[in-house]
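Note: the block below is structure02.cif and it holds mmCIF, C-alpha atoms.
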```
data_query
loop_
_atom_site.label_atom_id
_atom_site.label_comp_id
_atom_site.auth_asym_id
_atom_site.auth_seq_id
_atom_site.Cartn_x
_atom_site.Cartn_y
_atom_site.Cartn_z
CA MET A 1 151.11 154.95 102.45
CA THR A 2 149.93 158.54 102.30
CA GLN A 3 151.06 158.89 105.88
CA ALA A 4 154.65 158.60 104.58
CA THR A 5 156.06 157.06 107.74
CA ARG A 6 159.82 157.37 107.78
CA PHE A 7 162.24 154.55 108.54
CA GLY A 8 165.66 154.80 110.10
CA VAL A 9 168.09 153.49 112.67
CA ASN A 10 169.88 154.62 115.76
CA TYR A 11 173.35 154.70 114.29
CA VAL A 12 176.14 152.86 116.09
CA PRO A 13 179.48 153.15 114.25
CA SER A 14 180.56 149.66 113.22
CA LYS A 15 184.24 149.86 114.07
CA GLY A 16 184.63 152.01 117.17
CA TRP A 17 181.13 152.61 118.55
CA TRP A 18 180.76 156.33 119.45
CA TYR A 19 184.37 156.43 120.55
CA SER A 20 184.71 157.06 116.82
CA TRP A 21 184.22 160.76 117.56
CA SER A 22 187.78 160.79 118.89
CA ASP A 23 189.20 158.25 116.41
CA TRP A 24 187.54 159.48 113.23
CA ASN A 25 187.70 157.59 109.94
CA ASP A 26 185.76 159.01 107.01
CA GLN A 27 185.66 155.76 105.09
CA ASP A 28 184.18 153.81 107.99
CA PHE A 29 181.31 156.27 108.26
CA GLN A 30 180.79 156.27 104.50
CA ASP A 31 180.68 152.47 104.38
CA ASP A 32 178.25 152.33 107.30
CA PHE A 33 175.91 154.94 105.84
CA GLN A 34 175.90 153.25 102.46
CA ALA A 35 174.88 149.96 104.09
CA ILE A 36 172.16 151.67 106.13
CA ALA A 37 170.77 153.44 103.08
CA GLN A 38 170.68 150.15 101.18
CA LEU A 39 168.26 148.82 103.79
CA GLY A 40 165.90 151.57 102.64
CA CYS A 41 166.41 153.89 105.61
CA ASP A 42 165.98 157.63 105.14
CA HIS A 43 167.36 158.87 108.47
CA VAL A 44 169.75 158.14 111.30
CA ARG A 45 169.65 159.23 114.92
CA VAL A 46 173.21 159.96 116.04
CA HIS A 47 174.65 160.41 119.51
CA CYS A 48 177.19 162.97 120.64
CA LEU A 49 179.40 162.22 123.64
CA TRP A 50 178.95 165.24 125.87
CA PRO A 51 182.44 165.21 127.50
CA LEU A 52 184.12 165.23 124.09
CA LEU A 53 181.86 167.89 122.63
CA GLN A 54 182.02 170.24 125.63
CA PRO A 55 185.19 169.51 127.65
CA ASN A 56 184.66 172.69 129.68
CA PRO A 57 181.53 174.78 130.26
CA GLY A 58 183.26 177.63 128.47
CA MET A 59 184.60 175.54 125.59
CA VAL A 60 183.01 173.62 122.74
CA SER A 61 185.37 171.45 120.71
CA ASN A 62 185.75 172.77 117.17
CA THR A 63 187.15 169.39 116.18
CA MET A 64 183.97 167.64 117.28
CA LEU A 65 181.81 170.26 115.58
CA ASP A 66 183.77 169.77 112.36
CA ARG A 67 183.25 166.01 112.61
CA LEU A 68 179.53 166.41 113.19
CA VAL A 69 179.27 168.58 110.08
CA ARG A 70 181.23 165.95 108.17
CA LEU A 71 178.86 163.26 109.44
CA LEU A 72 175.90 165.21 108.06
CA ASP A 73 177.72 165.65 104.76
CA LEU A 74 178.28 161.89 104.53
CA ALA A 75 174.63 161.27 105.38
CA GLU A 76 173.65 163.66 102.60
CA ALA A 77 175.86 161.78 100.16
CA ASN A 78 173.81 158.68 100.99
CA GLY A 79 170.40 160.35 100.87
CA MET A 80 169.69 160.32 104.60
CA ASP A 81 168.67 162.90 107.18
CA VAL A 82 170.09 163.18 110.70
CA ILE A 83 168.65 163.71 114.17
CA VAL A 84 171.40 164.88 116.53
CA THR A 85 171.10 163.66 120.14
CA VAL A 86 173.18 166.04 122.22
CA PHE A 87 173.53 165.51 125.99
CA ASN A 88 174.76 161.94 126.25
CA GLY A 89 174.82 161.47 129.02
CA TRP A 90 173.31 158.02 129.34
CA LEU A 91 174.17 155.76 126.40
CA SER A 92 174.33 151.96 126.09
CA GLY A 93 174.69 151.51 129.83
CA PHE A 94 177.32 154.21 130.44
CA ASP A 95 177.02 157.65 132.03
CA PHE A 96 179.24 160.04 130.09
CA ARG A 97 179.21 162.82 132.65
CA PRO A 98 181.56 165.72 131.85
CA SER A 99 184.34 166.04 134.42
CA TRP A 100 183.48 169.68 135.04
CA LEU A 101 180.16 168.61 136.52
CA HIS A 102 181.28 167.98 140.08
CA ASP A 103 179.44 165.43 142.20
CA ASN A 104 177.21 168.03 143.81
CA VAL A 105 176.06 169.49 140.47
CA ASN A 106 172.60 168.46 139.28
CA ILE A 107 172.48 168.69 135.49
CA PHE A 108 168.72 169.33 135.54
CA THR A 109 168.57 172.11 138.15
CA ASP A 110 171.98 173.77 138.49
CA GLU A 111 171.83 177.18 136.80
CA ALA A 112 175.45 177.13 135.65
CA ALA A 113 175.06 173.63 134.21
CA ILE A 114 171.92 174.63 132.32
CA THR A 115 173.64 177.77 131.01
CA ALA A 116 176.44 175.55 129.68
CA GLN A 117 173.89 173.29 128.01
CA LEU A 118 172.22 176.22 126.29
CA SER A 119 175.62 177.47 125.16
CA LEU A 120 176.42 174.10 123.61
CA LEU A 121 173.13 174.13 121.72
CA ASP A 122 174.02 177.63 120.47
CA SER A 123 177.32 176.35 119.08
CA LEU A 124 175.74 173.31 117.49
CA ALA A 125 172.97 175.30 115.85
CA LYS A 126 175.48 177.70 114.29
CA ARG A 127 177.24 174.78 112.60
CA VAL A 128 174.43 172.37 111.67
CA GLY A 129 171.14 174.22 112.19
CA THR A 130 170.77 175.06 108.50
CA HIS A 131 172.38 171.94 107.08
CA PRO A 132 170.01 170.43 104.48
CA ARG A 133 170.13 167.04 106.22
CA PHE A 134 169.61 168.29 109.78
CA LEU A 135 166.20 167.19 111.05
CA GLY A 136 166.45 168.53 114.58
CA PHE A 137 167.96 168.16 118.03
CA ASP A 138 167.05 165.31 120.32
CA VAL A 139 168.03 166.93 123.60
CA ALA A 140 169.30 163.83 125.41
CA ASN A 141 169.12 160.07 125.38
CA GLU A 142 166.97 158.67 128.20
CA PRO A 143 167.70 161.46 130.70
CA CYS A 144 165.22 159.93 133.14
CA VAL A 145 167.88 157.33 133.93
CA LEU A 146 170.23 160.10 135.05
CA ALA A 147 167.49 162.02 136.86
CA THR A 148 167.01 159.14 139.27
CA SER A 149 170.70 158.87 140.17
CA THR A 150 172.03 160.33 143.41
CA LYS A 151 173.79 163.20 141.67
CA ASN A 152 170.73 164.36 139.76
CA VAL A 153 167.70 163.64 141.94
CA THR A 154 165.00 165.78 140.38
CA THR A 155 161.37 166.56 141.14
CA GLN A 156 158.81 166.46 138.37
CA PRO A 157 158.36 170.27 138.27
CA GLN A 158 162.14 170.63 137.99
CA GLY A 159 162.38 167.96 135.29
CA ASP A 160 159.54 169.48 133.31
CA ALA A 161 161.14 172.92 133.54
CA TRP A 162 164.40 171.50 132.16
CA VAL A 163 162.58 169.89 129.22
CA ARG A 164 160.73 173.10 128.37
CA THR A 165 163.83 175.28 128.73
CA LEU A 166 165.96 173.19 126.39
CA LEU A 167 163.29 172.42 123.81
CA ASP A 168 162.11 176.04 123.67
CA HIS A 169 165.74 177.07 123.15
CA CYS A 170 166.11 174.54 120.33
CA GLN A 171 163.03 175.97 118.66
CA GLN A 172 164.46 179.48 118.88
CA LEU A 173 167.78 178.35 117.42
CA ALA A 174 166.38 176.19 114.62
CA PRO A 175 162.70 177.02 114.14
CA GLY A 176 160.54 174.53 112.33
CA LYS A 177 162.81 171.55 112.98
CA LEU A 178 161.74 168.41 114.81
CA HIS A 179 163.16 168.89 118.30
CA SER A 180 162.46 166.27 120.95
CA VAL A 181 163.70 164.60 124.11
CA GLY A 182 164.23 160.84 123.91
CA MET A 183 162.86 159.47 127.17
CA ASP A 184 162.90 155.83 128.14
CA HIS A 185 159.69 154.03 129.12
CA ALA A 186 159.68 155.07 132.80
CA PRO A 187 157.97 158.48 132.46
CA TRP A 188 155.17 156.80 130.51
CA LEU A 189 154.63 153.59 132.47
CA ALA A 190 155.78 154.34 136.03
CA ALA A 191 154.71 156.50 138.96
CA ASP A 192 156.75 159.17 140.76
CA VAL A 193 159.07 159.95 137.84
CA PRO A 194 160.99 163.21 137.25
CA PHE A 195 159.25 164.06 133.97
CA GLY A 196 155.52 164.45 133.46
CA ARG A 197 153.60 162.80 130.66
CA PRO A 198 151.68 165.99 129.73
CA THR A 199 154.94 167.91 129.33
CA LEU A 200 156.55 165.21 127.20
CA ALA A 201 153.44 164.94 125.04
CA ASN A 202 153.13 168.66 124.34
CA THR A 203 156.66 170.08 124.20
CA GLY A 204 158.88 170.01 121.14
CA GLY A 205 157.87 169.04 117.63
CA LEU A 206 156.78 165.43 118.21
CA THR A 207 156.55 162.78 120.91
CA PRO A 208 159.22 160.05 120.87
CA ILE A 209 158.72 156.65 122.48
CA HIS A 210 161.23 153.99 123.57
CA ALA A 211 159.41 150.65 123.54
CA TRP A 212 161.76 147.95 124.80
CA SER A 213 159.98 144.69 125.61
CA TYR A 214 162.78 143.59 127.96
CA PHE A 215 163.28 146.75 130.01
CA THR A 216 159.55 147.39 130.42
CA GLY A 217 158.97 143.87 131.73
CA ALA A 218 156.68 143.01 128.82
CA LEU A 219 158.93 140.22 127.56
CA GLU A 220 158.88 138.47 130.92
CA GLN A 221 155.16 138.99 131.40
CA TYR A 222 153.90 138.08 127.92
CA GLY A 223 156.64 135.93 126.40
CA PRO A 224 158.64 136.50 123.20
CA LEU A 225 155.67 136.46 120.83
CA GLY A 226 152.84 137.37 123.19
CA THR A 227 150.42 140.14 122.34
CA GLY A 228 151.89 142.44 124.97
CA THR A 229 155.38 142.03 123.54
CA LEU A 230 154.47 142.42 119.88
CA HIS A 231 152.06 145.32 120.47
CA LEU A 232 154.00 147.17 123.18
CA ALA A 233 155.13 149.94 120.83
CA GLU A 234 151.58 150.38 119.54
CA PHE A 235 150.32 150.68 123.11
CA MET A 236 152.95 153.24 124.11
CA LEU A 237 152.38 155.34 120.99
CA GLU A 238 148.64 155.40 121.65
CA LEU A 239 149.32 156.19 125.30
CA ALA A 240 151.39 159.21 124.29
CA LYS A 241 148.55 160.41 122.06
CA ALA A 242 146.19 160.35 125.04
CA PHE A 243 148.24 163.12 126.67
CA GLN A 244 148.66 165.24 123.54
CA ASP A 245 146.48 168.34 123.37
CA ASP A 246 146.83 168.39 119.58
CA PRO A 247 145.30 165.21 118.10
CA THR A 248 147.38 165.67 114.94
CA ARG A 249 150.74 165.93 116.71
CA PRO A 250 153.12 163.28 115.35
CA VAL A 251 154.47 160.44 117.45
CA TRP A 252 157.77 158.66 116.85
CA LEU A 253 158.89 155.13 117.66
CA GLN A 254 162.41 156.35 118.42
CA GLU A 255 163.78 153.13 119.90
CA TYR A 256 162.86 149.47 119.90
CA GLY A 257 164.95 146.40 119.32
CA VAL A 258 165.74 142.84 120.30
CA ALA A 259 168.84 141.15 121.71
CA ASN A 260 170.04 137.63 120.96
CA ASP A 261 169.64 136.72 124.64
CA TRP A 262 165.93 137.47 124.62
CA MET A 263 164.58 135.32 121.79
CA THR A 264 165.53 132.59 119.35
CA ALA A 265 166.68 133.59 115.87
CA GLN A 266 163.27 132.82 114.36
CA GLU A 267 161.47 134.66 117.15
CA ARG A 268 163.66 137.72 116.58
CA GLU A 269 162.69 137.84 112.91
CA THR A 270 159.03 137.43 113.81
CA TYR A 271 159.36 140.19 116.39
CA VAL A 272 160.84 142.60 113.84
CA ASP A 273 157.99 141.86 111.45
CA LYS A 274 155.02 141.92 113.79
CA ALA A 275 156.15 144.68 116.17
CA THR A 276 156.93 146.96 113.23
CA ARG A 277 153.63 146.26 111.48
CA SER A 278 151.80 146.85 114.75
CA ALA A 279 153.42 150.28 115.08
CA LEU A 280 152.47 151.09 111.48
CA SER A 281 148.81 150.79 112.47
CA VAL A 282 149.15 154.01 114.52
CA ALA A 283 148.02 157.21 112.83
CA ASN A 284 150.27 160.29 112.74
CA LEU A 285 153.34 158.10 113.10
CA TRP A 286 156.28 160.24 111.99
CA GLY A 287 158.83 157.47 111.93
CA ILE A 288 160.17 154.12 113.04
CA THR A 289 163.80 154.07 114.17
CA TRP A 290 165.32 150.71 115.09
CA TRP A 291 167.99 150.29 117.76
CA CYS A 292 170.46 149.89 116.28
CA SER A 293 172.28 149.96 112.95
CA HIS A 294 175.35 147.82 113.73
CA ASP A 295 176.51 145.25 116.23
CA ILE A 296 179.12 146.59 118.64
CA ASN A 297 182.71 145.59 117.93
CA ARG A 298 183.55 142.93 120.53
CA GLU A 299 187.08 144.24 120.83
CA LEU A 300 185.40 147.01 122.85
CA THR A 301 184.93 145.55 126.31
CA GLY A 302 182.76 146.55 129.23
CA PHE A 303 179.33 146.66 127.60
CA VAL A 304 176.54 144.54 129.03
CA GLU A 305 176.27 141.43 126.84
CA LEU A 306 172.86 142.30 125.42
CA GLU A 307 174.26 145.51 123.89
CA TYR A 308 176.61 143.74 121.47
CA ASP A 309 174.17 142.13 119.03
CA LEU A 310 171.31 144.61 118.63
CA GLY A 311 172.30 145.68 115.12
CA LEU A 312 170.58 145.05 111.81
CA LEU A 313 174.06 144.88 110.30
CA THR A 314 177.28 143.17 111.34
CA GLY A 315 180.48 145.10 111.93
CA ASP A 316 181.44 144.23 108.34
CA ASN A 317 178.19 145.70 107.01
CA HIS A 318 176.59 142.37 106.19
CA VAL A 319 172.81 142.34 106.55
CA LYS A 320 171.59 140.13 109.39
CA PRO A 321 168.26 138.25 109.14
CA THR A 322 166.59 140.91 111.30
CA GLY A 323 167.98 143.56 108.95
CA ALA A 324 166.60 141.74 105.93
CA ARG A 325 163.18 141.54 107.55
CA PHE A 326 163.26 145.25 108.45
CA ALA A 327 164.30 146.13 104.89
CA SER A 328 161.48 144.05 103.42
CA ILE A 329 158.90 145.96 105.46
CA ILE A 330 160.37 149.27 104.30
CA ALA A 331 160.11 148.07 100.70
CA GLU A 332 156.48 147.07 101.22
CA VAL A 333 155.61 150.45 102.69
CA LYS A 334 157.32 152.30 99.85
CA ALA A 335 155.46 150.12 97.33
CA GLY A 336 152.12 150.95 98.95
CA SER A 337 151.53 147.35 99.99
CA VAL A 338 150.93 148.09 103.67
CA ALA A 339 147.45 149.18 104.68
CA GLU A 340 146.83 152.70 105.91
CA PRO A 341 146.15 153.14 109.64
CA GLN A 342 142.44 152.74 110.28
CA PRO A 343 140.40 154.89 112.67
CA ARG A 344 140.43 153.63 116.24
CA ASN A 345 136.75 153.97 117.04
CA THR A 346 136.94 152.32 120.46
CA ALA A 347 138.84 154.03 123.28
CA LEU A 348 139.95 152.92 126.71
CA ILE A 349 139.63 155.48 129.51
CA LEU A 350 142.67 156.27 131.63
CA ASP A 351 142.13 158.27 134.81
CA ASP A 352 144.23 161.41 134.64
CA ASP A 353 146.16 160.49 137.79
CA GLN A 354 146.39 156.76 137.03
CA THR A 355 149.74 155.12 136.35
CA PRO A 356 149.41 153.44 132.93
CA ASP A 357 151.57 150.45 133.75
CA LEU A 358 151.33 146.96 132.27
CA THR A 359 148.24 146.25 134.38
CA PHE A 360 146.46 149.01 132.48
CA ALA A 361 148.10 147.83 129.26
CA ASP A 362 146.49 144.41 129.75
CA ARG A 363 143.14 146.00 128.89
CA PHE A 364 144.62 147.37 125.68
CA PHE A 365 146.09 144.00 124.72
CA ALA A 366 142.79 142.24 125.49
CA VAL A 367 141.02 144.48 122.98
CA ILE A 368 143.76 143.69 120.45
CA ASP A 369 143.14 139.98 121.02
CA SER A 370 139.42 140.53 120.39
CA GLY A 371 140.20 141.84 116.92
CA GLU A 372 139.99 145.61 117.46
CA SER A 373 142.66 148.31 117.63
CA PRO A 374 141.83 150.64 120.53
CA ALA A 375 142.73 154.22 121.27
CA ILE A 376 143.36 155.62 124.76
CA ILE A 377 141.85 158.80 126.17
CA LEU A 378 142.06 160.60 129.49
CA ARG A 379 138.92 160.65 131.62
CA SER A 380 139.05 164.45 131.60
CA LYS A 381 138.44 164.36 127.83
CA ALA A 382 135.81 161.63 127.79
CA ASN A 383 132.93 164.12 127.45
CA ASP A 384 134.63 166.42 124.96
CA ASP A 385 132.66 165.64 121.81
CA ARG A 386 134.86 167.77 119.57
CA TYR A 387 138.00 166.05 120.81
CA LEU A 388 136.47 162.58 120.43
CA ALA A 389 135.32 163.40 116.90
CA SER A 390 138.77 164.68 115.97
CA ARG A 391 140.18 161.27 116.87
CA GLY A 392 137.35 159.28 115.30
CA ILE A 393 136.27 157.80 118.63
CA THR A 394 132.67 156.59 118.80
CA ALA A 395 132.75 154.12 121.70
CA ILE A 396 134.36 154.26 125.14
CA VAL A 397 135.02 151.20 127.27
#
```
Structure encoded using structure tokens:
Amino acid sequence: MTQATRFGVNYVPSKGWWYSWSDWNDQDFQDDFQAIAQLGCDHVRVHCLWPLLQPNPGMVSNTMLDRLVRLLDLAEANGMDVIVTVFNGWLSGFDFRPSWLHDNVNIFTDEAAITAQLSLLDSLAKRVGTHPRFLGFDVANEPCVLATSTKNVTTQPQGDAWVRTLLDHCQQLAPGKLHSVGMDHAPWLAADVPFGRPTLANTGGLTPIHAWSYFTGALEQYGPLGTGTLHLAEFMLELAKAFQDDPTRPVWLQEYGVANDWMTAQERETYVDKATRSALSVANLWGITWWCSHDINRELTGFVELEYDLGLLTGDNHVKPTGARFASIIAEVKAGSVAEPQPRNTALILDDDQTPDLTFADRFFAVIDSGESPAIILRSKANDDRYLASRGITAIV
């Protein structure tokens, strides 16, 4: 494909999850990265644990910085690039809130907290900003989850200001890299959220999407292999493009996945195949990044059950059936056997102040079922001939 869509995984260390930052083993990381690369992946998204990396607002752990550099070196040895997700924050059902953030401190609005965040980015950029395998900073994993908690209740203007402040700072520190903020589905599909769709679609180097069929409600509404489940990522990527001022701005399927509890083994393989191919039909798709690389070691207790078996690989680096299916698609794409994205000539109109929830998505999925692949545009752009032409849109429904 001339589009050169990239494939990767959200890396979960096979032996110790991300507690591995504090119990480091070079060989474990090397073995994991080798197995990931053998799937055909060219990048990993990795997750820092904020309390370990910055145990005090005035202190960044040199040990953790050294280990992050080593991680990038090991990725380089296996031919893969790295996106570094920093303020975690929310990860796999846990809130890793640094102890120095007292209960009355809002991480999105408190000036001292934001100053500490900028300082941490400074320290990270000095160590990895010019590393040949560093792709960019992903500011935080699903910060909208934290922004709706009691400690961090945030208005949309405040949330948008936080996004712009951190992403602009990332651009200053490491210009030209792909900096982003990995939001969950809520800012895209829900009303009254702390982060605005226009800000997310126009700040940073690309627009990431988390398209989970279970958490969005699509799985319950459409069933394991329904159109709305298999084409959810496609819908959300096209939705993001509707809010982008630059029609050529890349979008990124940063997270999607399937748990054993949600589907049968055969359905899971079918989901990997059809959901991934559906996403590949989207133009300007920078990459597809599965959640996650490895199953979580069951000796680690306390995770919600669904979190344990999301990997493409077992804890012993054996390829699971879902991993084999993912790898086969990567091989097809690299061989040029997957069709290029075709122009989406028909567009659905979304009112600028409308919440694009699954009720709106039903219109998108109905067009899919009719045999077409629709785009989405805002009503405010429906009469902009230059904009419509730039996206290849000739019909509006």
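If only C-alpha atoms are the atoms counted, then among A:Val333, A:Val12, A:Leu200, A:Val181 the closest residue to Asn297 of chain A is A:Val12.
Straight-line separation from atom CA of Arg6 of chain A to atom CA of Trp252 of chain A: 9.4 Å.
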Report task. Report as an MDAnalysis selection string the residues that result from applying the PyMOL selection byres ((chain A and resi 80-88) around 8) to the structure here. Result -> chainID A and resid 37 41:50 72 75:79 89:91 95:97 133:141
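Closest approach to Trp286 of chain A from the set A:Ser14, A:Thr346, A:Pro224, A:Leu206 is made by A:Leu206, with distances taken over all atoms listed in the file.
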Query raised in the report: Which polymer residues have any atom within 9 Å of an atom of Leu65 of chain A, counting only C-alpha atoms, with same-chain residues fewer than 4 positions away left out, as an NGL selection string?
Result: :A and (53 or 60-61 or 69-70 or 123-124 or 127-128)
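For the set A:Ala4, A:Gly302, A:Arg379, A:Ala233, the residue with the smallest atom-to-atom gap to Gly336 of chain A is A:Ala4, counting only C-alpha atoms.
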**Report entry** Expected selection from the PyMOL selection byres ((chain A and resi 352-356) around 12), given as a PyMOL selection string
**Finding:** chain A and resi 185-193+196-198+235-236+238-240+242-243+348-351+357-364+376-382
Report summary line: Of A:Thr248, A:Thr5, A:Asn345, A:Thr203, the one nearest to Leu388 of chain A when counting all atoms listed in the file is A:Asn345
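Among the candidate residues A:Val397, A:Leu237, A:Phe94, A:Val258, the one lying nearest to Phe303 of chain A is A:Phe94, with distances computed using only C-alpha atoms.
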Once 3 Å is added on each side, what centre and edge lengths in Å to one decimal does the axis-aligned box around all listed atoms of segment 71-87 of chain A have, as lines of an AutoDock Vina configuration file?
```
center_x = 173.8
center_y = 162.4
center_z = 113.1
size_x = 16.2
size_y = 13.4
size_z = 31.8
```
Query - Resolved residues for the PyMOL selection byres ((chain A and resi 118) around 12) as a ChimeraX atom specification - result: /A:54,57-58,60,86-87,107,111-117,119-125,139,162-163,165-173
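Counting from atom CA of Pro250 of chain A, the distance to atom CA of Val145 of chain A is 24.5 Å.
If only C-alpha atoms are the atoms counted, then among A:Leu68, A:Leu306, A:Ala283, A:Ala327 the closest residue to Gln38 of chain A is A:Ala327.
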Residue neighbourhood Leu300 of chain A, 10 Å, all atoms listed in the file, exclusion window fewer than 4 positions, as a PDB file with C-alpha atoms, keeping the file's coordinate frame:
```pdb
ATOM      1  CA  LYS A  15     184.240 149.860 114.070  1.00  0.00           C
ATOM      2  CA  GLY A  16     184.630 152.010 117.170  1.00  0.00           C
ATOM      3  CA  TRP A  17     181.130 152.610 118.550  1.00  0.00           C
ATOM      4  CA  TYR A  19     184.370 156.430 120.550  1.00  0.00           C
ATOM      5  CA  ILE A 296     179.120 146.590 118.640  1.00  0.00           C
ATOM      6  CA  TYR A 308     176.610 143.740 121.470  1.00  0.00           C
TER       7      TYR A 308
END
```
Query raised in the report: At what distance in Å, to one decimal, does atom CA of Leu74 of chain A lie from atom CA of Asp316 of chain A?
Result: 18.3 Å
Show me, as a short mmCIF file (atom, residue, chain, number, x, y, z; two decimals) with C-alpha atoms, keeping the file's coordinate frame, the residues that have an atom within 10 Å of Ala211 of chain A when counting all atoms listed in the file, minus same-chain residues fewer than 4 positions from it.
```cif
data_model
loop_
_atom_site.label_atom_id
_atom_site.label_comp_id
_atom_site.auth_asym_id
_atom_site.auth_seq_id
_atom_site.Cartn_x
_atom_site.Cartn_y
_atom_site.Cartn_z
CA ASP A 184 162.90 155.83 128.14
CA HIS A 185 159.69 154.03 129.12
CA PHE A 215 163.28 146.75 130.01
CA THR A 216 159.55 147.39 130.42
CA ALA A 218 156.68 143.01 128.82
CA THR A 229 155.38 142.03 123.54
CA HIS A 231 152.06 145.32 120.47
CA LEU A 232 154.00 147.17 123.18
CA ALA A 233 155.13 149.94 120.83
CA GLU A 234 151.58 150.38 119.54
CA PHE A 235 150.32 150.68 123.11
CA MET A 236 152.95 153.24 124.11
CA LEU A 237 152.38 155.34 120.99
CA LEU A 253 158.89 155.13 117.66
CA GLN A 254 162.41 156.35 118.42
CA GLU A 255 163.78 153.13 119.90
CA TYR A 256 162.86 149.47 119.90
CA GLY A 257 164.95 146.40 119.32
#
```
Would you fill out segment 265-282 of chain A with N, CA and C atoms and return it as an mmCIF file, in the frame of the given file?
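This is the output file result_14.cif:
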```cif
data_model
loop_
_atom_site.group_PDB
_atom_site.id
_atom_site.type_symbol
_atom_site.label_atom_id
_atom_site.label_comp_id
_atom_site.auth_asym_id
_atom_site.auth_seq_id
_atom_site.Cartn_x
_atom_site.Cartn_y
_atom_site.Cartn_z
ATOM 1 N N ALA A 265 166.477 132.886 117.138
ATOM 2 C CA ALA A 265 166.680 133.590 115.870
ATOM 3 C C ALA A 265 165.364 133.765 115.121
ATOM 4 N N GLN A 266 164.542 132.720 115.070
ATOM 5 C CA GLN A 266 163.270 132.820 114.360
ATOM 6 C C GLN A 266 162.328 133.787 115.079
ATOM 7 N N GLU A 267 162.327 133.735 116.397
ATOM 8 C CA GLU A 267 161.470 134.660 117.150
ATOM 9 C C GLU A 267 161.903 136.106 116.932
ATOM 10 N N ARG A 268 163.195 136.351 116.817
ATOM 11 C CA ARG A 268 163.660 137.720 116.580
ATOM 12 C C ARG A 268 163.158 138.240 115.241
ATOM 13 N N GLU A 269 163.203 137.409 114.216
ATOM 14 C CA GLU A 269 162.690 137.840 112.910
ATOM 15 C C GLU A 269 161.190 138.110 112.978
ATOM 16 N N THR A 270 160.477 137.231 113.664
ATOM 17 C CA THR A 270 159.030 137.430 113.810
ATOM 18 C C THR A 270 158.740 138.708 114.580
ATOM 19 N N TYR A 271 159.544 138.964 115.612
ATOM 20 C CA TYR A 271 159.360 140.190 116.390
ATOM 21 C C TYR A 271 159.539 141.421 115.510
ATOM 22 N N VAL A 272 160.610 141.457 114.727
ATOM 23 C CA VAL A 272 160.840 142.600 113.840
ATOM 24 C C VAL A 272 159.615 142.822 112.958
ATOM 25 N N ASP A 273 159.114 141.755 112.382
ATOM 26 C CA ASP A 273 157.990 141.860 111.450
ATOM 27 C C ASP A 273 156.721 142.336 112.150
ATOM 28 N N LYS A 274 156.323 141.644 113.193
ATOM 29 C CA LYS A 274 155.020 141.920 113.790
ATOM 30 C C LYS A 274 155.022 143.184 114.644
ATOM 31 N N ALA A 275 156.102 143.452 115.368
ATOM 32 C CA ALA A 275 156.150 144.680 116.170
ATOM 33 C C ALA A 275 156.166 145.909 115.269
ATOM 34 N N THR A 276 156.876 145.824 114.146
ATOM 35 C CA THR A 276 156.930 146.960 113.230
ATOM 36 C C THR A 276 155.584 147.177 112.563
ATOM 37 N N ARG A 277 154.942 146.118 112.114
ATOM 38 C CA ARG A 277 153.630 146.260 111.480
ATOM 39 C C ARG A 277 152.594 146.773 112.475
ATOM 40 N N SER A 278 152.706 146.343 113.716
ATOM 41 C CA SER A 278 151.800 146.850 114.750
ATOM 42 C C SER A 278 151.954 148.351 114.911
ATOM 43 N N ALA A 279 153.188 148.839 114.962
ATOM 44 C CA ALA A 279 153.420 150.280 115.080
ATOM 45 C C ALA A 279 152.877 151.034 113.881
ATOM 46 N N LEU A 280 152.956 150.434 112.701
ATOM 47 C CA LEU A 280 152.470 151.090 111.480
ATOM 48 C C LEU A 280 150.961 151.278 111.474
ATOM 49 N N SER A 281 150.265 150.620 112.392
ATOM 50 C CA SER A 281 148.810 150.790 112.470
ATOM 51 C C SER A 281 148.421 152.074 113.190
ATOM 52 N N VAL A 282 149.402 152.785 113.746
ATOM 53 C CA VAL A 282 149.150 154.010 114.520
ATOM 54 C C VAL A 282 149.153 155.213 113.583
#
```
